[in-house]
Amino acid sequence: MAETEGASREFLLDRETVLKGVSTLPSLPAVVIELLQTMDQEEADMHLLAEKLSRDQALSAKVLRVANSSFYGMSGKVNSIADAMVVLGLRGVRTLAMAASISDTFSATRCPGFDFRMFWRHSIGVALCAKEIARQCRQNDGNAFTAGLLHDLGRLVLASCFPQHLVAVMAYRERMDCPWEEAEQQVLGMSHAELGGLLAMHWNFPASLHAAITHHHDMAGDDKVLSCTLVIADALAHALDLSGDENEMVSPITEVCWQTLSLPDENWLALFAIVESQFEAACESLLV
Amino acid sequence: MRDDIRRVAIEDVVAGARLAEPVCDVNGNVLLPAGAELSDSTRASLVRRGLTELTIVFERVPSEAERVADLARVEARLTYLFRSAGDNAAGQHLLRLMRRYRGVDHG
């Protein structure tokens, strides 16, 4: 990579270094990996999964707390993981278990200048936008929500394993007032999407989720509709100004992506209103 | 511009009023979230639960000057948010939709 304005070669990353870094992160609980694998399966044994998840008391308690929050409108009615499977379905329980585990994995991370709350608010915004786009396009809205929630996993890898690199990216972005992807390419020589993809591979995520995380900016994955859903959901979350970041910036979107989803204007306007009406309750539920 | 928020006796709350705070039961479970619009039936069910007062939002009607200033602020924020979105048709279409959604579409 040619040295460019304001970026030194000091913080360049390569695949091998990133893999070494992510190998230091704790593994996700086996039951969460098993739950995630069901994203690519036609059928899953919900009773067996509920029983396995119930054995992890700390994780079960977190799932039940969120399941009973105002976002799901089930206050006090979900008393067990088996209840949660019935009320929220496998997709809902899977999302909650995964969100709780990942948030635990990175809870001890300290990176100067990296605002975790803002990070998760953006991810929740993208998840809600992706879910609503998927509904409008008659795609799997549960998988779209999960992919949206995890699309920026690579930023957490940076904050946790390479904090000095992330500080350099943030400084470059502030100086150049450019999109994150551009700052990452200039400073690291790779994007957070690639970094997130490497962690998804290390954690043995299902192929569809791995591809969605890796290709949420370049649309090179096999599932074009999901890739486009994430690209547009990301732009919408920025455009709706959800994260609370004063320096919020809408990333460029391609014509191909916009045309792939091809929704009428009235549907987009309705979607904005739905996302805004659900957003604060979702944050209250999912952010501890 | 801020709306007024006041405690109101439940018998004086009319249908369509908007809650400023969530209504919880004695165990802290949320019965209705902040922002919920009350109907006659939800108000009646809260009366049956023994509630006597609710915290209601009273929307203040802005002056013309406040309205113009507010629209200018929204327009400026949208311009800032879209500063790197590019000038292709898709990016411009999304910006037009956001302007319409935020009520600053000038046609």
# chains A, B, ... in the order shown; residues from 1 in each chain; ligands from 1

call {"tool": "residues_around", "arguments": {"residues": "A:Glu284", "least_positions_apart": "4", "cutoff": "10 Å", "atoms": "only C-alpha atoms", "output": "PyMOL selection string"}}
result
chain A and resi 66+69-71+121+279-280+288

call {"tool": "write_last_selection", "arguments": {"atoms": "N, CA, C and O atoms", "output": "short mmCIF file (atom, residue, chain, number, x, y, z; two decimals), in the first residue's frame"}}
result
data_model
loop_
_atom_site.label_atom_id
_atom_site.label_comp_id
_atom_site.auth_asym_id
_atom_site.auth_seq_id
_atom_site.Cartn_x
_atom_site.Cartn_y
_atom_site.Cartn_z
N VAL A 66 -33.49 -9.69 29.23
CA VAL A 66 -33.82 -8.95 28.00
C VAL A 66 -35.18 -9.39 27.45
O VAL A 66 -35.97 -8.57 26.99
N SER A 69 -37.91 -7.50 28.92
CA SER A 69 -37.82 -6.03 28.86
C SER A 69 -38.93 -5.47 27.96
O SER A 69 -39.60 -6.20 27.23
N SER A 70 -39.07 -4.14 28.01
CA SER A 70 -40.19 -3.50 27.29
C SER A 70 -40.10 -3.69 25.77
O SER A 70 -41.11 -3.71 25.09
N PHE A 71 -38.89 -3.88 25.23
CA PHE A 71 -38.72 -4.02 23.78
C PHE A 71 -39.52 -5.20 23.25
O PHE A 71 -40.11 -5.14 22.18
N ARG A 121 -25.00 1.34 20.08
CA ARG A 121 -26.20 2.04 19.59
C ARG A 121 -26.24 2.00 18.06
O ARG A 121 -27.28 1.78 17.47
N PHE A 279 -36.25 2.07 18.44
CA PHE A 279 -34.82 2.16 18.72
C PHE A 279 -34.47 2.30 20.21
O PHE A 279 -33.67 1.53 20.74
N GLU A 280 -35.08 3.25 20.91
CA GLU A 280 -34.67 3.49 22.30
C GLU A 280 -35.01 2.29 23.18
O GLU A 280 -34.23 1.92 24.06
N VAL A 288 -26.54 -3.15 28.51
CA VAL A 288 -26.60 -3.29 29.98
C VAL A 288 -26.08 -2.02 30.62
O VAL A 288 -25.06 -1.51 30.23
#

call {"tool": "interface_residues", "arguments": {"of": "chain B", "to": "chain A", "cutoff": "10 Å", "atoms": "only C-alpha atoms", "output": "MDAnalysis selection string"}}
result
chainID B and resid 22 27:35 77:98 100:102

call {"tool": "atom_distance", "arguments": {"atom1": "atom CA of A:Leu242", "atom2": "atom CA of A:Ile274"}}
result
13.1 Å

call {"tool": "closest_residue", "arguments": {"among": "A:Thr95, A:Ser60, A:Ser160, A:Gln139", "to": "A:Phe116", "atoms": "only C-alpha atoms"}}
result
A:Ser160

call {"tool": "closest_residue", "arguments": {"among": "B:Arg49, B:Val23, B:Asp70, B:Arg43", "to": "B:Arg2", "atoms": "only C-alpha atoms"}}
result
B:Asp70

call {"tool": "closest_atom_pairs", "arguments": {"of": "stretch 136-218 of chain A", "to": "stretch 32-52 of chain A", "cutoff": "9 Å", "atoms": "only C-alpha atoms", "output": "tab-separated table"}}
result
residue	atom	partner	partner_atom	distance
A:Gly142	CA	A:Met39	CA	8.9
A:Asn143	CA	A:Met39	CA	6.8
A:Trp203	CA	A:Ile33	CA	7.6
A:Asn204	CA	A:Ile33	CA	7.2
A:Phe205	CA	A:Leu36	CA	6.6
A:Pro206	CA	A:Gln37	CA	5.2
A:Ala207	CA	A:Asp40	CA	7.5
A:Ser208	CA	A:Asp40	CA	6.9
A:Leu209	CA	A:Met39	CA	8.1

call {"tool": "write_last_selection", "arguments": {"atoms": "C-alpha atoms", "output": "PDB file, in the first residue's frame"}}
result
ATOM      1  CA  GLY A 142     -34.083 -12.755  12.175  1.00  0.00           C
ATOM      2  CA  ASN A 143     -30.862 -13.473  10.315  1.00  0.00           C
ATOM      3  CA  TRP A 203     -15.332 -18.470  16.306  1.00  0.00           C
ATOM      4  CA  ASN A 204     -16.723 -20.864  13.726  1.00  0.00           C
ATOM      5  CA  PHE A 205     -19.732 -18.721  12.841  1.00  0.00           C
ATOM      6  CA  PRO A 206     -22.109 -20.180  10.240  1.00  0.00           C
ATOM      7  CA  ALA A 207     -21.132 -19.461   6.644  1.00  0.00           C
ATOM      8  CA  SER A 208     -23.973 -17.000   6.001  1.00  0.00           C
ATOM      9  CA  LEU A 209     -23.107 -14.848   9.045  1.00  0.00           C
TER      10      LEU A 209
END

call {"tool": "closest_atom_pairs", "arguments": {"of": "stretch 48-157 of chain A", "to": "stretch 186-192 of chain A", "cutoff": "10 Å", "atoms": "only C-alpha atoms", "output": "tab-separated table"}}
result
residue	atom	partner	partner_atom	distance
A:His151	CA	A:His192	CA	9.1
A:Asp152	CA	A:His192	CA	6.7
A:Leu153	CA	A:His192	CA	7.5
A:Gly154	CA	A:His192	CA	4.3
A:Arg155	CA	A:His192	CA	5.6
A:Leu156	CA	A:His192	CA	8.8
A:Val157	CA	A:His192	CA	8.3
